[in-house]
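Taking it in order: structure first as structure tokens, then the write-up.
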Number of protein chains: 2
Amino acid sequence: MANCDSVAARTRARLLQLERRSLLDELMSKGVRLTAQRRILVEIIQNASNHLDVAALLKEAQTRESSIDRATVYRTIDLLKRLRLIDELDLMHLNGEKHYYEVKTRRDHLHLACFECGRIEEFATPLFEELKAEISRRSGFQIQVARLEVGGRCRSCRTAAASHEDRKEEPVLRNKTASA
Amino acid sequence: MANCDSVAARTRARLLQLERRSLLDELMSKGVRLTAQRRILVEIIQNASNHLDVAALLKEAQTRESSIDRATVYRTIDLLKRLRLIDELDLMHLNGEKHYYEVKTRRDHLHLACFECGRIEEFATPLFEELKAEISRRSGFQIQVARLEVGGRCRSCRTAAASHEDRKEEPVLRNKTASA
DNA sequence: CTGATTGCAAAGAATTTGCACTGCT
DNA sequence: AGCAGTGCAAATTCTTTGCAATCAG
């Protein structure tokens with residue numbers, strides 16, 4: 001499974017031309033202390049095929065080193081965030097308030113979260129880079145992190161809904177308990 | 001202060017040409033039950049000059065109706081979110097993990113959060129709309145919510161830093177406790 | 001009237017922290 | 001050796017929920 005994940009991750013990266021760099025190399029070049037725990041966590045994040053939340057990251061890490069603690073995961077994530085090596089996402093809160101993490105890529109990309117099927121699509125376009133450039137130019141803001149998350153209905157859910165189009169307007173009025 | 005807020009809010013909306021609509025009217029037109037609590041909360045959100053978090057919203061609401069509860073605030077926010085009348089932001093977690101809310105505008109705008117001074121700038125550009133159009137066109141995704149948040153250094157912090165440019169590379173290595 | 005909405009209190013989820021101990025360099 | 005990093009357990013912060021009472025339509 002680690003292998004599959006790794007392959008999937010590379011495929012994903014290639015398709016999007018995302019040009020990730022090695023987290024470990026980055027850490028070393030910045031003089032960060034490389035503990036066993038950090039190596040493990042960083043390796044998992046680097047090779048993950050999905051966006052990882054803390055629970056998933058912790059669980060996977062514990063299969064390799066059972067003593068690893070939640071706190072270490074949070075602290076490592078915090079370190080990587082501050083070094084701007086990973087991005088933090090919430091994927092439109094499709095599954096609660098937790099956060100997800102992924103290796104930062106040279107060209108930012110964005111995430112499309114389908115409210116119906118829950119799938120996450122990634123999307124990259126030069127327009128995003130242009131937009132960031134315009135922001136900097138017009139507002140004088142120096143961009144360090146840019147996060148664009150989109151929620152809606154993916155193509156397949158849309159066509160699926162169109163086929164039996166007896167659907168009325170979405171019934172969003174009920175309380176959360178009812179909508180769950 | 002309610003007056004000032006209202007004026008500020010209108011000014012902000014005008015500057016960005018954001019064309020907000022009345023939340024109350026929207027709710028009525030959708031047949032939503034209008035309780036006293038909802039009127040109050042909706043009015044506060046509508047006229048707020050800043051982005052409100054739940055605590056601020058609750059506190060303000062309680063000045064008008066002291067019995068209003070946290071739970072009602074969360075439930076009302078949830079309702080407004082599902083009706084897509086408000087947007088949820090986290091403003092790059094500059095102040096913890098809480099969320100902020102604002103009335104949804106016809107043309108989406110984005111938020112620039114300065115990591116140094118903590119100020120939030122709003123920014124609107126046709127490029128954002130173009131970007132969304134391109135996403136829909138190329139991926140077939142039907143966009144219902146789009147949230148772009150940017151973190152970095154605002155113009156004034158940048159020029160302030162430039163003036164006494166003895167600064168080294170940002171010292172991001174230390175632990176959270178140290179960075180706070 | 002009657003079901004949707006509320007307040008209350010308690011639970012739950014996500015994240016952070018203090019402290020003694022461990023392990024890089 | 002010395003201090004950054006870790007594990008543990010408790011604390012904090014933010015959000016949700018079950019239930020009896022209340023209110024809008």
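Letters for chains follow the order of the structure tokens (A, B, ...), residue numbers begin at 1 for each chain, and ligand numbers begin at 1 in the order shown.
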Got a sec: who's within 9 Å of DT15 of chain C, counting only C-alpha atoms (C1' of nucleotides), leaving out chain neighbours fewer than 4 positions off, as a PDB file with N, CA and C atoms (P, O5', C5', C4', C3', O3' and C1' of nucleotides), in the first residue's frame?
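Output file out_21.pdb is given in full below:
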```pdb
ATOM      1  N   ALA A  71       0.837  14.958  19.913  1.00  0.00           N
ATOM      2  CA  ALA A  71       1.471  16.265  20.106  1.00  0.00           C
ATOM      3  C   ALA A  71       2.644  16.453  19.147  1.00  0.00           C
ATOM      4  N   TYR A  74       1.306  17.302  15.722  1.00  0.00           N
ATOM      5  CA  TYR A  74       0.908  18.717  15.649  1.00  0.00           C
ATOM      6  C   TYR A  74       2.122  19.632  15.603  1.00  0.00           C
TER       7      TYR A  74
ATOM      8  N   GLU B  97      -8.281  28.895  15.716  1.00  0.00           N
ATOM      9  CA  GLU B  97      -8.961  28.064  14.730  1.00  0.00           C
ATOM     10  C   GLU B  97     -10.393  28.483  14.457  1.00  0.00           C
TER      11      GLU B  97
ATOM     12  P    DT D  12      -7.384  25.344  31.580  1.00  0.00           P
ATOM     13  O5'  DT D  12      -7.508  25.795  30.062  1.00  0.00           O
ATOM     14  C5'  DT D  12      -6.626  25.211  29.114  1.00  0.00           C
ATOM     15  C4'  DT D  12      -6.856  25.790  27.757  1.00  0.00           C
ATOM     16  C3'  DT D  12      -8.092  26.660  27.596  1.00  0.00           C
ATOM     17  O3'  DT D  12      -7.772  27.686  26.672  1.00  0.00           O
ATOM     18  C1'  DT D  12      -8.286  24.761  26.220  1.00  0.00           C
ATOM     19  P    DT D  13      -8.839  28.828  26.324  1.00  0.00           P
ATOM     20  O5'  DT D  13      -9.339  28.439  24.863  1.00  0.00           O
ATOM     21  C5'  DT D  13      -8.396  28.119  23.855  1.00  0.00           C
ATOM     22  C4'  DT D  13      -9.137  27.642  22.635  1.00  0.00           C
ATOM     23  C3'  DT D  13     -10.408  28.445  22.333  1.00  0.00           C
ATOM     24  O3'  DT D  13     -10.380  28.746  20.944  1.00  0.00           O
ATOM     25  C1'  DT D  13     -10.895  26.141  22.433  1.00  0.00           C
TER      26       DT D  13
END
```
Pick out the residues sitting within 12 Å of DA9 of chain D, and hand them over as a PyMOL selection string; count only C-alpha atoms (C1' of nucleotides), and ignore anything fewer than 3 positions along from it in its own chain.
(chain A and resi 69-71) or (chain C and resi 17-19)
With 10 Å as the limit and counting only C-alpha atoms (C1' of nucleotides), what residues in chain C lie close to chain B? Please list them as a ChimeraX atom specification.
/C:4-8,14-17
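Going from atom CA of Gly152 of chain A to atom CA of Val32 of chain B covers 22.7 Å.
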Counting only C-alpha atoms, give me one row per residue of chain B with an atom at most 7 Å from an atom of chain A, showing the shortest contact pair and its distance in Å to one decimal, sorted by chain then residue number, as CSV.
```
residue,atom,partner,partner_atom,distance
B:Arg82,CA,A:Val172,CA,5.9
B:Leu83,CA,A:Val172,CA,6.3
B:Leu127,CA,A:Leu131,CA,6.0
B:Phe128,CA,A:Leu131,CA,6.8
B:Leu131,CA,A:Leu127,CA,6.0
B:Gly140,CA,A:Arg155,CA,4.8
B:Phe141,CA,A:Cys154,CA,4.5
B:Gln142,CA,A:Arg153,CA,5.0
B:Ile143,CA,A:Gly152,CA,4.6
B:Gln144,CA,A:Gly152,CA,4.6
B:Val145,CA,A:Gly151,CA,4.9
B:Ala146,CA,A:Val150,CA,4.4
B:Arg147,CA,A:Glu149,CA,5.4
B:Leu148,CA,A:Leu148,CA,4.2
B:Glu149,CA,A:Arg147,CA,5.4
B:Val150,CA,A:Ala146,CA,4.4
B:Gly151,CA,A:Val145,CA,4.9
B:Gly152,CA,A:Gln144,CA,4.6
B:Arg153,CA,A:Gln142,CA,5.0
B:Cys154,CA,A:Phe141,CA,4.4
B:Arg155,CA,A:Gly140,CA,4.8
B:Val172,CA,A:Arg82,CA,5.9
```
How many Å separate atom CA of Val103 of chain B from atom CA of Met28 of chain B?
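Atom CA of Val103 of chain B sits 16.0 Å away from atom CA of Met28 of chain B.
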Between A:Ile44, A:Ala55, A:Ala36, A:Leu24, which is the closest to His99 of chain A once you count only C-alpha atoms?
A:Ala55
Could you check how far atom CA of Ala56 of chain A sits from atom CA of Arg119 of chain A, in Å to one decimal?
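It comes out at 17.2 Å.
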Which residues of chain D have any atom within 12 Å of an atom in chain A when counting only C-alpha atoms (C1' of nucleotides), and what is the closest pair of atoms for each, with the distance in Å to one decimal? Order the rows by chain and rising number and write it as a tab-separated table.
```
residue	atom	partner	partner_atom	distance
D:DC3	C1'	A:Arg33	CA	11.8
D:DA4	C1'	A:Arg33	CA	8.0
D:DG5	C1'	A:Thr35	CA	7.9
D:DT6	C1'	A:Thr72	CA	6.9
D:DG7	C1'	A:Asp69	CA	6.3
D:DC8	C1'	A:Asp69	CA	8.5
D:DA9	C1'	A:Ala71	CA	11.2
D:DC14	C1'	A:Glu97	CA	9.4
D:DT15	C1'	A:Glu97	CA	8.8
D:DT16	C1'	A:Lys176	CA	9.8
D:DT17	C1'	A:Thr177	CA	8.9
D:DG18	C1'	A:Thr177	CA	11.2
```
Write out, as an mmCIF file, in the first residue's frame, the residues just selected, with N, CA, C and O atoms (P, O5', C5', C4', C3', O3' and C1' of nucleotides).
```cif
data_model
loop_
_atom_site.group_PDB
_atom_site.id
_atom_site.type_symbol
_atom_site.label_atom_id
_atom_site.label_comp_id
_atom_site.auth_asym_id
_atom_site.auth_seq_id
_atom_site.Cartn_x
_atom_site.Cartn_y
_atom_site.Cartn_z
ATOM 1 P P DC D 3 22.134 25.002 27.320
ATOM 2 O "O5'" DC D 3 21.219 25.256 26.036
ATOM 3 C "C5'" DC D 3 21.668 24.881 24.738
ATOM 4 C "C4'" DC D 3 20.638 24.012 24.047
ATOM 5 C "C3'" DC D 3 19.176 24.468 24.234
ATOM 6 O "O3'" DC D 3 18.543 24.290 22.993
ATOM 7 C "C1'" DC D 3 19.362 22.215 24.721
ATOM 8 P P DA D 4 17.321 25.234 22.604
ATOM 9 O "O5'" DA D 4 16.676 24.418 21.410
ATOM 10 C "C5'" DA D 4 17.521 23.914 20.378
ATOM 11 C "C4'" DA D 4 16.971 22.608 19.872
ATOM 12 C "C3'" DA D 4 15.500 22.674 19.503
ATOM 13 O "O3'" DA D 4 15.333 21.861 18.351
ATOM 14 C "C1'" DA D 4 15.812 21.062 21.205
ATOM 15 P P DG D 5 13.914 21.600 17.761
ATOM 16 O "O5'" DG D 5 13.510 20.224 18.439
ATOM 17 C "C5'" DG D 5 14.224 19.064 18.080
ATOM 18 C "C4'" DG D 5 13.558 17.877 18.718
ATOM 19 C "C3'" DG D 5 12.054 17.781 18.445
ATOM 20 O "O3'" DG D 5 11.809 16.435 18.046
ATOM 21 C "C1'" DG D 5 12.459 17.666 20.755
ATOM 22 P P DT D 6 10.349 15.876 17.889
ATOM 23 O "O5'" DT D 6 10.109 15.114 19.261
ATOM 24 C "C5'" DT D 6 10.872 13.945 19.534
ATOM 25 C "C4'" DT D 6 10.320 13.265 20.770
ATOM 26 C "C3'" DT D 6 8.832 12.934 20.670
ATOM 27 O "O3'" DT D 6 8.675 11.528 20.800
ATOM 28 C "C1'" DT D 6 9.361 14.066 22.717
ATOM 29 P P DG D 7 7.288 10.851 20.494
ATOM 30 O "O5'" DG D 7 6.720 10.600 21.962
ATOM 31 C "C5'" DG D 7 7.478 9.831 22.868
ATOM 32 C "C4'" DG D 7 6.792 9.809 24.226
ATOM 33 C "C3'" DG D 7 5.313 9.439 24.188
ATOM 34 O "O3'" DG D 7 5.087 8.541 25.277
ATOM 35 C "C1'" DG D 7 5.600 11.566 25.230
ATOM 36 P P DC D 8 3.728 7.714 25.407
ATOM 37 O "O5'" DC D 8 2.996 8.461 26.622
ATOM 38 C "C5'" DC D 8 3.729 8.723 27.806
ATOM 39 C "C4'" DC D 8 2.993 9.746 28.659
ATOM 40 C "C3'" DC D 8 1.469 9.617 28.615
ATOM 41 O "O3'" DC D 8 0.999 9.399 29.937
ATOM 42 C "C1'" DC D 8 2.155 11.873 28.403
ATOM 43 P P DA D 9 -0.528 8.896 30.160
ATOM 44 O "O5'" DA D 9 -1.113 10.115 30.989
ATOM 45 C "C5'" DA D 9 -0.225 10.910 31.771
ATOM 46 C "C4'" DA D 9 -0.905 12.233 32.052
ATOM 47 C "C3'" DA D 9 -2.429 12.139 32.091
ATOM 48 O "O3'" DA D 9 -2.917 13.010 33.103
ATOM 49 C "C1'" DA D 9 -1.800 13.690 30.458
ATOM 50 P P DC D 14 -11.425 29.795 20.329
ATOM 51 O "O5'" DC D 14 -12.403 28.827 19.524
ATOM 52 C "C5'" DC D 14 -11.838 27.940 18.558
ATOM 53 C "C4'" DC D 14 -12.863 26.913 18.157
ATOM 54 C "C3'" DC D 14 -14.249 27.466 17.792
ATOM 55 O "O3'" DC D 14 -14.541 27.020 16.480
ATOM 56 C "C1'" DC D 14 -14.420 25.608 19.244
ATOM 57 P P DT D 15 -15.936 27.402 15.765
ATOM 58 O "O5'" DT D 15 -16.817 26.108 16.096
ATOM 59 C "C5'" DT D 15 -16.307 24.842 15.720
ATOM 60 C "C4'" DT D 15 -17.277 23.757 16.111
ATOM 61 C "C3'" DT D 15 -18.728 24.006 15.709
ATOM 62 O "O3'" DT D 15 -19.091 22.968 14.808
ATOM 63 C "C1'" DT D 15 -18.574 23.220 17.949
ATOM 64 P P DT D 16 -20.579 22.759 14.279
ATOM 65 O "O5'" DT D 16 -21.146 21.668 15.296
ATOM 66 C "C5'" DT D 16 -20.418 20.470 15.479
ATOM 67 C "C4'" DT D 16 -21.169 19.552 16.425
ATOM 68 C "C3'" DT D 16 -22.644 19.311 16.067
ATOM 69 O "O3'" DT D 16 -22.825 17.908 16.110
ATOM 70 C "C1'" DT D 16 -22.434 19.951 18.330
ATOM 71 P P DT D 17 -24.237 17.271 15.656
ATOM 72 O "O5'" DT D 17 -24.945 16.896 17.036
ATOM 73 C "C5'" DT D 17 -24.170 16.320 18.073
ATOM 74 C "C4'" DT D 17 -25.053 16.027 19.270
ATOM 75 C "C3'" DT D 17 -26.539 15.814 18.953
ATOM 76 O "O3'" DT D 17 -27.027 14.804 19.821
ATOM 77 C "C1'" DT D 17 -26.313 17.560 20.491
ATOM 78 P P DG D 18 -28.285 13.889 19.411
ATOM 79 O "O5'" DG D 18 -29.038 13.676 20.790
ATOM 80 C "C5'" DG D 18 -28.288 13.447 21.993
ATOM 81 C "C4'" DG D 18 -29.177 13.672 23.202
ATOM 82 C "C3'" DG D 18 -30.652 13.357 22.977
ATOM 83 O "O3'" DG D 18 -31.173 12.857 24.208
ATOM 84 C "C1'" DG D 18 -30.395 15.672 23.427
#
```
Where does DSSP see helix (DSSP H, G or I) in segment 19-160 of chain B, if you list the residues as a count of residues only?
66
Write out as a PDB file with N, CA and C atoms, in the first residue's frame all residues of segment 13-136 of chain A that DSSP puts in strand (DSSP E) for this structure's backbone.
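Generated output (states-v6.pdb):
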```pdb
ATOM      1  N   LEU A  52      -3.889  14.338   3.939  1.00  0.00           N
ATOM      2  CA  LEU A  52      -3.886  13.693   5.246  1.00  0.00           C
ATOM      3  C   LEU A  52      -4.395  14.613   6.336  1.00  0.00           C
ATOM      4  N   ASP A  53      -5.206  14.074   7.217  1.00  0.00           N
ATOM      5  CA  ASP A  53      -5.512  14.830   8.424  1.00  0.00           C
ATOM      6  C   ASP A  53      -4.622  14.301   9.544  1.00  0.00           C
ATOM      7  N   ILE A  86       4.590  22.889   3.731  1.00  0.00           N
ATOM      8  CA  ILE A  86       3.292  22.248   3.488  1.00  0.00           C
ATOM      9  C   ILE A  86       2.182  23.301   3.503  1.00  0.00           C
ATOM     10  N   ASP A  87       1.070  22.929   2.902  1.00  0.00           N
ATOM     11  CA  ASP A  87      -0.110  23.786   2.918  1.00  0.00           C
ATOM     12  C   ASP A  87      -1.173  23.143   3.786  1.00  0.00           C
ATOM     13  N   GLU A  88      -1.967  23.977   4.386  1.00  0.00           N
ATOM     14  CA  GLU A  88      -3.051  23.502   5.232  1.00  0.00           C
ATOM     15  C   GLU A  88      -4.373  23.751   4.511  1.00  0.00           C
ATOM     16  N   LEU A  89      -5.199  22.738   4.471  1.00  0.00           N
ATOM     17  CA  LEU A  89      -6.486  22.847   3.780  1.00  0.00           C
ATOM     18  C   LEU A  89      -7.592  22.464   4.736  1.00  0.00           C
ATOM     19  N   TYR A 100      -6.334  19.374   6.703  1.00  0.00           N
ATOM     20  CA  TYR A 100      -5.605  18.420   5.876  1.00  0.00           C
ATOM     21  C   TYR A 100      -4.311  19.085   5.429  1.00  0.00           C
ATOM     22  N   TYR A 101      -3.340  18.242   5.110  1.00  0.00           N
ATOM     23  CA  TYR A 101      -2.038  18.787   4.764  1.00  0.00           C
ATOM     24  C   TYR A 101      -1.504  18.165   3.498  1.00  0.00           C
ATOM     25  N   GLU A 102      -0.732  18.952   2.767  1.00  0.00           N
ATOM     26  CA  GLU A 102      -0.078  18.430   1.568  1.00  0.00           C
ATOM     27  C   GLU A 102       1.201  19.204   1.341  1.00  0.00           C
ATOM     28  N   VAL A 103       2.123  18.564   0.652  1.00  0.00           N
ATOM     29  CA  VAL A 103       3.385  19.212   0.341  1.00  0.00           C
ATOM     30  C   VAL A 103       3.109  20.418  -0.536  1.00  0.00           C
ATOM     31  N   LEU A 110      -5.486  24.433  -6.838  1.00  0.00           N
ATOM     32  CA  LEU A 110      -6.646  24.643  -5.990  1.00  0.00           C
ATOM     33  C   LEU A 110      -7.449  23.359  -5.866  1.00  0.00           C
ATOM     34  N   HIS A 111      -8.363  23.361  -4.930  1.00  0.00           N
ATOM     35  CA  HIS A 111      -9.102  22.148  -4.603  1.00  0.00           C
ATOM     36  C   HIS A 111     -10.595  22.339  -4.812  1.00  0.00           C
ATOM     37  N   LEU A 112     -11.178  21.392  -5.512  1.00  0.00           N
ATOM     38  CA  LEU A 112     -12.611  21.411  -5.762  1.00  0.00           C
ATOM     39  C   LEU A 112     -13.244  20.308  -4.933  1.00  0.00           C
ATOM     40  N   ALA A 113     -14.084  20.695  -3.992  1.00  0.00           N
ATOM     41  CA  ALA A 113     -14.704  19.713  -3.109  1.00  0.00           C
ATOM     42  C   ALA A 113     -16.169  19.544  -3.479  1.00  0.00           C
ATOM     43  N   CYS A 114     -16.546  18.322  -3.830  1.00  0.00           N
ATOM     44  CA  CYS A 114     -17.932  18.068  -4.225  1.00  0.00           C
ATOM     45  C   CYS A 114     -18.776  17.816  -2.990  1.00  0.00           C
ATOM     46  N   ILE A 120     -12.514  15.066  -3.876  1.00  0.00           N
ATOM     47  CA  ILE A 120     -11.692  16.267  -4.004  1.00  0.00           C
ATOM     48  C   ILE A 120     -10.949  16.214  -5.325  1.00  0.00           C
ATOM     49  N   GLU A 121     -11.115  17.252  -6.114  1.00  0.00           N
ATOM     50  CA  GLU A 121     -10.377  17.337  -7.367  1.00  0.00           C
ATOM     51  C   GLU A 121      -9.317  18.412  -7.206  1.00  0.00           C
ATOM     52  N   GLU A 122      -8.192  18.211  -7.865  1.00  0.00           N
ATOM     53  CA  GLU A 122      -7.196  19.272  -7.845  1.00  0.00           C
ATOM     54  C   GLU A 122      -7.179  19.923  -9.210  1.00  0.00           C
ATOM     55  N   PHE A 123      -6.777  21.167  -9.235  1.00  0.00           N
ATOM     56  CA  PHE A 123      -6.897  21.921 -10.473  1.00  0.00           C
ATOM     57  C   PHE A 123      -5.804  22.983 -10.495  1.00  0.00           C
TER      58      PHE A 123
END
```
Could you check which of A:His93, A:Leu58, A:Ser163, A:Glu129 is closest to Asp108 of chain A, using only C-alpha atoms?
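The closest residue to Asp108 of chain A is A:Glu129.
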